[in-house]
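Containing compact mmCIF, C-alpha atoms and all ligand atoms: structure_22.txt.
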```txt
# COMPACT_ATOMS: atom_id res chain seq x y z
CA MET A 1 26.50 -0.91 -2.61
CA ALA A 2 27.33 -0.40 -6.31
CA PRO A 3 30.98 0.61 -6.89
CA ARG A 4 31.45 4.33 -7.57
CA LYS A 5 32.17 5.23 -11.17
CA PRO A 6 35.72 6.53 -11.63
CA GLU A 7 35.78 10.33 -11.88
CA LYS A 8 36.36 11.76 -15.33
CA ASP A 9 39.94 12.80 -15.98
CA ILE A 10 39.61 16.58 -15.61
CA PRO A 11 42.26 19.24 -15.01
CA ARG A 12 42.55 19.98 -11.25
CA THR A 13 42.76 23.70 -11.85
CA VAL A 14 41.63 26.08 -14.60
CA ARG A 15 42.92 29.59 -15.22
CA PHE A 16 40.40 32.39 -15.58
CA ARG A 17 40.82 35.97 -16.82
CA ILE A 18 38.04 38.12 -15.39
CA PHE A 19 37.38 41.71 -16.39
CA ARG A 20 37.67 43.97 -13.31
CA GLY A 21 36.88 47.66 -13.34
CA SER A 22 34.03 50.12 -13.58
CA ARG A 23 32.34 52.35 -16.16
CA GLY A 24 34.24 50.71 -19.03
CA ALA A 25 37.71 51.25 -17.59
CA GLY A 26 39.54 48.22 -16.26
CA LEU A 27 41.80 45.26 -16.86
CA TYR A 28 41.66 41.49 -16.91
CA SER A 29 42.85 39.84 -13.67
CA GLU A 30 43.98 36.21 -13.64
CA TYR A 31 42.80 33.61 -11.15
CA GLU A 32 43.35 29.91 -10.67
CA VAL A 33 40.15 28.01 -9.95
CA GLU A 34 39.89 24.56 -8.37
CA ASN A 35 38.00 22.48 -10.90
CA GLU A 36 35.33 19.87 -10.24
CA GLU A 37 33.39 17.71 -12.64
CA GLY A 38 30.34 19.52 -14.01
CA MET A 39 31.45 23.00 -12.96
CA VAL A 40 30.05 25.94 -14.90
CA VAL A 41 31.61 29.36 -15.44
CA LEU A 42 29.33 30.90 -12.78
CA ASP A 43 30.66 28.37 -10.21
CA ALA A 44 34.19 29.55 -10.99
CA VAL A 45 33.20 33.20 -10.58
CA HIS A 46 31.57 32.36 -7.23
CA GLN A 47 34.67 30.48 -6.10
CA ILE A 48 36.86 33.49 -6.91
CA GLN A 49 34.40 35.75 -5.07
CA ALA A 50 34.32 33.47 -2.02
CA ARG A 51 38.06 32.83 -1.77
CA SER A 52 39.79 36.04 -2.79
CA GLU A 53 37.63 38.78 -4.34
CA PRO A 54 34.52 39.48 -2.21
CA ASP A 55 33.85 42.70 -4.13
CA LEU A 56 33.77 41.02 -7.57
CA ALA A 57 30.46 42.23 -9.07
CA VAL A 58 28.38 39.65 -10.94
CA ARG A 59 24.66 39.45 -11.61
CA TRP A 60 22.90 36.10 -11.27
CA ASN A 61 19.80 34.66 -9.72
CA CYS A 62 18.52 31.20 -10.65
CA LYS A 63 21.65 29.27 -11.69
CA ALA A 64 19.32 27.24 -13.88
CA GLY A 65 19.28 29.12 -17.20
CA LYS A 66 15.86 30.63 -16.51
CA CYS A 67 16.25 34.14 -15.08
CA GLY A 68 18.46 35.57 -17.83
CA SER A 69 20.63 37.50 -15.33
CA CYS A 70 24.08 35.94 -15.75
CA SER A 71 24.76 36.98 -19.35
CA ALA A 72 28.45 37.61 -20.10
CA GLU A 73 31.01 37.12 -22.84
CA VAL A 74 32.91 33.88 -22.27
CA ASN A 75 35.97 33.65 -24.51
CA GLY A 76 34.36 36.47 -26.50
CA VAL A 77 31.05 34.66 -27.08
CA PRO A 78 27.78 35.89 -25.47
CA LYS A 79 26.65 33.13 -23.09
CA LEU A 80 24.81 32.43 -19.86
CA MET A 81 27.55 31.78 -17.29
CA CYS A 82 25.37 29.31 -15.38
CA MET A 83 24.84 27.16 -18.48
CA THR A 84 28.41 27.14 -19.77
CA ARG A 85 30.30 24.08 -18.53
CA ILE A 86 34.00 24.54 -18.12
CA ASP A 87 34.69 21.19 -19.80
CA THR A 88 33.19 22.52 -23.05
CA LEU A 89 35.84 25.28 -23.27
CA ASP A 90 39.33 25.15 -24.75
CA PRO A 91 41.53 23.71 -21.95
CA THR A 92 44.74 25.06 -23.49
CA ARG A 93 44.11 28.71 -22.69
CA PRO A 94 42.66 30.74 -19.80
CA VAL A 95 38.91 31.24 -19.86
CA SER A 96 38.15 34.93 -20.34
CA VAL A 97 34.96 36.37 -18.83
CA ALA A 98 33.81 39.91 -19.63
CA PRO A 99 30.56 41.86 -19.32
CA ILE A 100 28.22 42.07 -22.31
CA LYS A 101 29.38 44.95 -24.45
CA ALA A 102 26.31 46.41 -26.15
CA PHE A 103 25.16 48.12 -22.94
CA PRO A 104 26.85 50.56 -20.54
CA HIS A 105 29.33 48.96 -18.18
CA VAL A 106 28.66 49.31 -14.45
CA LYS A 107 31.25 47.22 -12.57
CA ASP A 108 33.26 44.05 -13.28
CA LEU A 109 30.83 41.62 -14.97
CA VAL A 110 27.73 43.80 -14.63
CA ALA A 111 26.27 45.89 -17.46
CA ASP A 112 23.28 48.21 -17.27
CA VAL A 113 20.52 46.67 -19.41
CA ALA A 114 17.84 49.22 -18.41
CA TRP A 115 17.51 50.48 -22.00
CA ASN A 116 15.80 47.21 -22.88
CA TYR A 117 13.06 47.76 -20.30
CA GLU A 118 12.45 51.25 -21.70
CA VAL A 119 12.02 49.75 -25.17
CA ASN A 120 9.65 47.15 -23.77
CA LYS A 121 7.43 49.90 -22.32
CA ARG A 122 7.07 51.47 -25.77
CA ILE A 123 5.39 48.35 -27.21
CA PRO A 124 1.61 48.48 -26.67
CA PRO A 125 0.46 45.34 -24.82
CA PHE A 126 -1.88 42.65 -26.15
CA THR A 127 -5.04 44.40 -27.34
CA PRO A 128 -7.81 41.88 -27.93
CA ALA A 129 -10.50 42.48 -30.53
CA PRO A 130 -14.10 42.34 -29.26
CA MET A 131 -15.64 38.88 -29.40
CA THR A 132 -17.33 37.92 -32.65
CA LYS A 133 -20.97 36.84 -32.50
CA ALA A 134 -19.96 33.19 -32.65
CA GLU A 135 -17.41 33.65 -29.83
CA ALA A 136 -19.92 35.53 -27.69
CA ALA A 137 -22.49 32.75 -28.19
CA ARG A 138 -19.88 30.16 -27.14
CA GLY A 139 -18.55 32.41 -24.39
CA GLU A 140 -14.93 31.82 -25.41
CA PHE A 141 -12.29 32.51 -28.00
CA ARG A 142 -10.60 29.48 -29.53
CA MET A 143 -7.12 29.39 -31.02
CA ALA A 144 -5.81 26.86 -33.51
CA GLN A 145 -3.06 24.66 -32.05
CA GLN A 146 -0.60 25.86 -34.71
CA ASP A 147 -1.10 29.46 -33.52
CA VAL A 148 -0.54 28.37 -29.91
CA ASP A 149 2.68 26.55 -30.88
CA ARG A 150 3.99 29.50 -32.89
CA LEU A 151 3.43 31.96 -30.04
CA GLN A 152 4.74 29.55 -27.41
CA GLU A 153 8.17 29.64 -29.01
CA PHE A 154 8.38 33.41 -28.52
CA ARG A 155 7.22 33.15 -24.93
CA LYS A 156 10.26 31.04 -24.05
CA CYS A 157 12.36 34.25 -24.05
CA ILE A 158 14.09 34.72 -20.67
CA GLU A 159 15.25 38.28 -21.43
CA CYS A 160 18.93 37.48 -21.14
CA PHE A 161 19.63 40.06 -23.89
CA LEU A 162 22.41 37.94 -25.40
CA CYS A 163 20.74 38.45 -28.79
CA GLN A 164 20.78 42.21 -28.20
CA ASP A 165 24.46 42.01 -27.24
CA VAL A 166 25.53 40.18 -30.39
CA CYS A 167 23.45 42.19 -32.87
CA HIS A 168 25.81 44.48 -34.77
CA VAL A 169 23.10 47.13 -35.24
CA LEU A 170 23.09 47.72 -31.47
CA ARG A 171 26.63 46.63 -30.56
CA ASP A 172 28.73 48.20 -33.32
CA ALA A 173 26.48 50.76 -35.03
CA GLN A 174 24.91 51.76 -31.68
CA LYS A 175 21.58 52.52 -33.40
CA LYS A 176 19.56 52.25 -30.20
CA HIS A 177 17.54 55.34 -31.13
CA GLU A 178 16.18 53.65 -34.29
CA PHE A 179 16.31 49.88 -33.68
CA PHE A 180 14.62 47.83 -30.94
CA GLY A 181 16.78 44.72 -31.40
CA PRO A 182 15.94 41.02 -31.84
CA ARG A 183 14.47 40.48 -28.35
CA PHE A 184 11.76 43.03 -29.11
CA PHE A 185 11.08 41.73 -32.59
CA ILE A 186 10.24 38.49 -30.79
CA ARG A 187 7.75 40.41 -28.67
CA LEU A 188 6.30 42.30 -31.64
CA ALA A 189 6.00 39.09 -33.66
CA GLY A 190 4.24 37.34 -30.77
CA LEU A 191 1.67 40.12 -30.63
CA ASP A 192 1.32 40.59 -34.38
CA MET A 193 0.80 36.86 -34.99
CA HIS A 194 -1.75 36.49 -32.20
CA PRO A 195 -5.07 35.88 -33.97
CA LYS A 196 -6.97 37.95 -31.41
CA ASP A 197 -4.63 40.95 -31.24
CA ASP A 198 -6.34 43.89 -32.85
CA LEU A 199 -3.58 46.51 -33.09
CA ASP A 200 -1.84 47.29 -36.32
CA ARG A 201 1.79 46.53 -35.37
CA VAL A 202 3.29 47.17 -38.81
CA PRO A 203 3.92 50.95 -38.48
CA MET A 204 5.85 50.46 -35.21
CA THR A 205 7.75 47.47 -36.63
CA LYS A 206 8.83 49.55 -39.61
CA HIS A 207 9.47 52.97 -38.08
CA ALA A 208 10.18 53.02 -34.32
CA ALA A 209 11.50 49.45 -34.15
CA GLY A 210 13.43 49.75 -37.44
CA VAL A 211 13.10 46.17 -38.69
CA GLU A 212 14.60 47.13 -42.05
CA LEU A 213 18.00 47.73 -40.39
CA CYS A 214 18.25 44.00 -39.70
CA ASN A 215 20.21 42.29 -42.46
CA ILE A 216 19.45 38.70 -41.40
CA THR A 217 22.93 37.78 -40.20
CA LYS A 218 21.34 35.21 -37.83
CA CYS A 219 23.89 36.01 -35.07
CA CYS A 220 20.97 36.54 -32.65
CA THR A 221 19.56 33.08 -33.36
CA GLU A 222 22.98 31.48 -32.85
CA VAL A 223 23.40 32.79 -29.28
CA CYS A 224 19.82 32.38 -28.00
CA PRO A 225 19.97 29.96 -25.03
CA GLU A 226 16.27 29.14 -25.52
CA HIS A 227 16.92 28.15 -29.15
CA ILE A 228 14.27 30.54 -30.43
CA LYS A 229 14.54 30.79 -34.21
CA ILE A 230 14.55 34.59 -33.99
CA THR A 231 15.52 35.23 -37.59
CA ASP A 232 13.41 32.64 -39.40
CA ASN A 233 10.30 32.78 -37.23
CA ALA A 234 10.13 36.44 -36.15
CA LEU A 235 12.37 38.75 -38.20
CA ILE A 236 11.71 37.40 -41.68
CA PRO A 237 7.89 37.26 -41.22
CA LEU A 238 7.91 40.80 -39.79
CA LYS A 239 9.99 42.05 -42.69
CA GLU A 240 7.55 40.37 -45.09
CA ARG A 241 4.60 42.09 -43.42
CA VAL A 242 6.29 45.47 -43.76
CA VAL A 243 6.97 44.85 -47.45
CA ASP A 244 3.43 43.50 -48.06
CA ARG A 245 1.98 46.64 -46.52
CA LYS A 246 4.11 48.84 -48.70
CA TYR A 247 2.85 47.17 -51.87
CA ASP A 248 -0.64 46.23 -50.77
CA PRO A 249 -2.09 48.00 -47.71
CA LEU A 250 -5.43 46.24 -48.23
CA VAL A 251 -3.84 42.91 -47.26
CA TRP A 252 -3.75 43.88 -43.56
CA LEU A 253 -7.22 45.39 -43.62
CA GLY A 254 -8.58 42.25 -45.26
CA SER A 255 -6.88 39.99 -42.73
CA LYS A 256 -8.46 41.94 -39.83
CA ILE A 257 -11.93 41.83 -41.37
CA PHE A 258 -11.50 38.10 -41.98
CA LYS A 259 -10.41 37.56 -38.34
CA ARG A 260 -13.39 39.50 -37.00
CA SER A 261 -15.97 37.71 -39.09
CA GLY A 262 -14.48 34.26 -38.48
CA ALA A 263 -15.15 31.96 -35.54
S1 LIG B 301 19.65 38.81 -37.78
FE1 LIG B 301 19.10 40.98 -37.60
S2 LIG B 301 18.47 41.25 -35.45
FE2 LIG B 301 19.62 39.30 -35.59
S3 LIG B 301 21.72 39.83 -35.09
FE3 LIG B 301 21.55 39.94 -37.34
S4 LIG B 301 21.03 42.09 -37.78
FE4 LIG B 301 20.65 41.77 -35.58
S1 LIG B 302 15.32 35.93 -27.63
FE1 LIG B 302 16.79 34.43 -26.76
S2 LIG B 302 18.74 35.51 -26.67
FE2 LIG B 302 17.16 37.08 -26.95
S3 LIG B 302 16.63 37.76 -24.90
FE3 LIG B 302 15.21 36.13 -25.40
S4 LIG B 302 16.15 34.24 -24.62
FE4 LIG B 302 17.76 35.81 -24.66
S1 LIG B 303 21.64 32.68 -13.16
FE1 LIG B 303 19.66 32.68 -14.06
S2 LIG B 303 20.06 32.34 -16.17
FE2 LIG B 303 22.01 32.17 -15.22
```
I'd like the structure from this file rewritten - as structure tokens, please.
Ligand code: SF4
Ligand code: SF4
Ligand code: FES
Amino acid sequence: MAPRKPEKDIPRTVRFRIFRGSRGAGLYSEYEVENEEGMVVLDAVHQIQARSEPDLAVRWNCKAGKCGSCSAEVNGVPKLMCMTRIDTLDPTRPVSVAPIKAFPHVKDLVADVAWNYEVNKRIPPFTPAPMTKAEAARGEFRMAQQDVDRLQEFRKCIECFLCQDVCHVLRDAQKKHEFFGPRFFIRLAGLDMHPKDDLDRVPMTKHAAGVELCNITKCCTEVCPEHIKITDNALIPLKERVVDRKYDPLVWLGSKIFKRSGA
């Protein structure tokens, strides 16, 4: 049998400060967690729950960075707890874990993100144009690979809402009544850039979704665990479409006519 590799020199325990309380009122409580190589923040929260705080509220599901449930602020930075290894954090101070702040607090590490699902319902779904003559003769619609690749990036979104949490328009200015937030600009961009989508998405992007309130700080892109280039690939093109429409409304009309008459 091959000799076992020596274990990495890791601290045996790590101190955590976890926000405890409900409806926004509460305090940080300190805990000492037994550390193991490869542990993530969610493991530490589970250890605390199992050993001393069975009523510690935390939302999670997959523990694989795919369900988007375990969003929190770790040392003040929006992160997925299940993808944040303890050995990547500053070992000289306790690790603080708090709920995301842009949405109403429920209990301990859980925030109520229901507003996002209400926004989602306001966006009309994919609305395909009727088949062109050429498509009908072939019996199928074909997409260029570059269109597939562009839309695929947006479909990687796991709805963790970390981008919504960090965006100052929602978090600090609390403009939820006039701004959909970066997650939904991803959705709007994915629909608007689909060559077969037939709805005019520009009025919603400009008015209800409020794209002009975004000032391209790129904070959303920096925290996205799926590495979606939210600012460069969704927000800036959407802003350009809104501006193009303002100065030349025939551009959109022309693009639709071109799409319909093309293969
Ligand atoms: S780039 Fe725009 S959407 Fe993203 S965080 Fe900044 S203001 Fe918000
Ligand atoms: S765009 Fe990124 S940060 Fe925003 S909800 Fe989707 S996966 Fe999360
Ligand atoms: S538990 Fe699913 S993303 Fe963290």
Is it possible to get the axis-aligned box enclosing range 223-230 of chain A (all listed atoms, 6 Å extra per side) as JSON, with centre and edge lengths in Å rounded to one decimal?
```
{"center_x": 18.8, "center_y": 31.4, "center_z": -29.6, "size_x": 21.1, "size_y": 18.4, "size_z": 21.2}
```
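Take CA of Asp87 in chain A and CA of Ile10 in chain A: the distance between them is 7.9 Å.
CA of Thr217 in chain A sits 29.8 Å away from CA of Val58 in chain A.
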Grab me every residue within 7 Å of ligand LIG 302 (chain B), counting all atoms listed in the file, and send it over as a ChimeraX atom specification. /A:68,156-164,182-183,186,220,223-228,230
Around ligand LIG 303 (chain B), which protein and nucleic acid residues have at least one atom no more than 7 Å from it, if we count all atoms listed in the file? List them as number ranges by chain. A: 60-71, 80-83
Taking (41.5, 41.2, -17.9) in the file's coordinates, which residues come within 6 Å, counting only C-alpha atoms, written as number ranges by chain? A: 17-19, 27-29
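Among the candidates A:Ala234, A:Ala144, A:Val74, A:Val202, the one nearest to ligand LIG 301 (chain B) when counting all atoms listed in the file is A:Ala234.
Closest approach to ligand LIG 301 (chain B) from the set A:Asn233, A:Thr205, A:Asn215, A:Gln152 is made by A:Asn215, with distances taken over only C-alpha atoms and all ligand atoms.
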Env. residues ligand LIG 301 (chain B) / 7 Å / only C-alpha atoms and all ligand atoms / as number ranges by chain: A: 163, 166-169, 181-182, 213-221, 231
Nearest to Ile100 in chain A: which of A:Asp43, A:Leu170, A:Glu118, A:Ile48 is it, counting only C-alpha atoms? A:Leu170
Nearest-residue call for Ser22 in chain A, choices A:Asn35, A:His105, A:Arg245, A:Pro203, using all atoms listed in the file: A:His105
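Atom pair CA of Gln49 in chain A / CA of Thr13 in chain A: separated by 16.2 Å.
Counting all atoms listed in the file, the residue from A:Leu42, A:Glu73, A:Ala102, A:Arg241 that sits nearest to Arg171 in chain A is A:Ala102.
In terms of minimum interatomic distance to Val211 in chain A, A:Leu238 ranks closest within A:Ala72, A:Val14, A:Leu238, A:Ala111, counting only C-alpha atoms.
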Complete range 33-44 of chain A at the level of all heavy atoms, written as a JSON list (two decimals), keeping the file's coordinate frame.
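Done, and the output landed in rebuild.json:
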```
[["chain", "number", "residue", "atom", "x", "y", "z"],
["A", 33, "VAL", "N", 41.38, 28.54, -10.56],
["A", 33, "VAL", "CA", 40.15, 28.01, -9.95],
["A", 33, "VAL", "C", 40.29, 26.50, -9.79],
["A", 33, "VAL", "O", 40.75, 25.81, -10.70],
["A", 33, "VAL", "CB", 38.93, 28.37, -10.85],
["A", 33, "VAL", "CG1", 37.71, 27.59, -10.45],
["A", 33, "VAL", "CG2", 38.68, 29.87, -10.80],
["A", 34, "GLU", "N", 39.88, 26.01, -8.60],
["A", 34, "GLU", "CA", 39.89, 24.56, -8.37],
["A", 34, "GLU", "C", 38.72, 23.96, -9.15],
["A", 34, "GLU", "O", 37.57, 24.39, -8.98],
["A", 34, "GLU", "CB", 39.68, 24.32, -6.87],
["A", 34, "GLU", "CG", 40.24, 23.03, -6.36],
["A", 34, "GLU", "CD", 40.04, 22.97, -4.87],
["A", 34, "GLU", "OE1", 40.44, 23.92, -4.16],
["A", 34, "GLU", "OE2", 39.46, 21.98, -4.43],
["A", 35, "ASN", "N", 39.02, 23.00, -9.97],
["A", 35, "ASN", "CA", 38.00, 22.48, -10.90],
["A", 35, "ASN", "C", 37.34, 21.22, -10.34],
["A", 35, "ASN", "O", 37.97, 20.41, -9.69],
["A", 35, "ASN", "CB", 38.70, 22.14, -12.23],
["A", 35, "ASN", "CG", 37.73, 21.92, -13.37],
["A", 35, "ASN", "OD1", 36.58, 22.35, -13.30],
["A", 35, "ASN", "ND2", 38.19, 21.28, -14.42],
["A", 36, "GLU", "N", 36.05, 21.10, -10.60],
["A", 36, "GLU", "CA", 35.33, 19.87, -10.24],
["A", 36, "GLU", "C", 34.48, 19.46, -11.42],
["A", 36, "GLU", "O", 34.07, 20.33, -12.20],
["A", 36, "GLU", "CB", 34.39, 20.14, -9.05],
["A", 36, "GLU", "CG", 35.09, 20.18, -7.72],
["A", 36, "GLU", "CD", 34.13, 20.56, -6.61],
["A", 36, "GLU", "OE1", 32.94, 20.23, -6.72],
["A", 36, "GLU", "OE2", 34.59, 21.20, -5.66],
["A", 37, "GLU", "N", 34.19, 18.19, -11.51],
["A", 37, "GLU", "CA", 33.39, 17.71, -12.64],
["A", 37, "GLU", "C", 32.03, 18.42, -12.67],
["A", 37, "GLU", "O", 31.38, 18.58, -11.63],
["A", 37, "GLU", "CB", 33.18, 16.20, -12.53],
["A", 37, "GLU", "CG", 32.63, 15.65, -13.82],
["A", 37, "GLU", "CD", 32.55, 14.13, -13.83],
["A", 37, "GLU", "OE1", 32.99, 13.50, -12.85],
["A", 37, "GLU", "OE2", 32.05, 13.61, -14.83],
["A", 38, "GLY", "N", 31.65, 18.89, -13.84],
["A", 38, "GLY", "CA", 30.34, 19.52, -14.01],
["A", 38, "GLY", "C", 30.31, 21.00, -13.68],
["A", 38, "GLY", "O", 29.25, 21.63, -13.76],
["A", 39, "MET", "N", 31.46, 21.57, -13.30],
["A", 39, "MET", "CA", 31.45, 23.00, -12.96],
["A", 39, "MET", "C", 31.08, 23.86, -14.16],
["A", 39, "MET", "O", 31.47, 23.58, -15.29],
["A", 39, "MET", "CB", 32.84, 23.44, -12.48],
["A", 39, "MET", "CG", 32.96, 23.54, -10.98],
["A", 39, "MET", "SD", 34.62, 23.99, -10.49],
["A", 39, "MET", "CE", 34.49, 25.75, -10.38],
["A", 40, "VAL", "N", 30.36, 24.96, -13.86],
["A", 40, "VAL", "CA", 30.05, 25.94, -14.90],
["A", 40, "VAL", "C", 30.82, 27.23, -14.61],
["A", 40, "VAL", "O", 31.36, 27.40, -13.52],
["A", 40, "VAL", "CB", 28.52, 26.21, -14.98],
["A", 40, "VAL", "CG1", 27.76, 24.99, -15.44],
["A", 40, "VAL", "CG2", 27.98, 26.73, -13.65],
["A", 41, "VAL", "N", 30.83, 28.12, -15.59],
["A", 41, "VAL", "CA", 31.61, 29.36, -15.44],
["A", 41, "VAL", "C", 31.14, 30.15, -14.21],
["A", 41, "VAL", "O", 31.95, 30.71, -13.47],
["A", 41, "VAL", "CB", 31.52, 30.20, -16.73],
["A", 41, "VAL", "CG1", 32.10, 31.59, -16.53],
["A", 41, "VAL", "CG2", 32.24, 29.48, -17.87],
["A", 42, "LEU", "N", 29.83, 30.14, -13.95],
["A", 42, "LEU", "CA", 29.33, 30.90, -12.78],
["A", 42, "LEU", "C", 29.88, 30.31, -11.48],
["A", 42, "LEU", "O", 30.17, 31.05, -10.54],
["A", 42, "LEU", "CB", 27.79, 30.93, -12.78],
["A", 42, "LEU", "CG", 27.16, 31.81, -11.71],
["A", 42, "LEU", "CD1", 27.54, 33.28, -11.86],
["A", 42, "LEU", "CD2", 25.62, 31.69, -11.73],
["A", 43, "ASP", "N", 30.05, 28.99, -11.41],
["A", 43, "ASP", "CA", 30.66, 28.37, -10.21],
["A", 43, "ASP", "C", 32.07, 28.92, -10.00],
["A", 43, "ASP", "O", 32.49, 29.18, -8.87],
["A", 43, "ASP", "CB", 30.78, 26.85, -10.37],
["A", 43, "ASP", "CG", 29.43, 26.15, -10.34],
["A", 43, "ASP", "OD1", 28.56, 26.57, -9.58],
["A", 43, "ASP", "OD2", 29.27, 25.18, -11.11],
["A", 44, "ALA", "N", 32.81, 29.06, -11.10],
["A", 44, "ALA", "CA", 34.19, 29.55, -10.99],
["A", 44, "ALA", "C", 34.19, 30.99, -10.49],
["A", 44, "ALA", "O", 34.99, 31.35, -9.61],
["A", 44, "ALA", "CB", 34.87, 29.45, -12.36]]
```
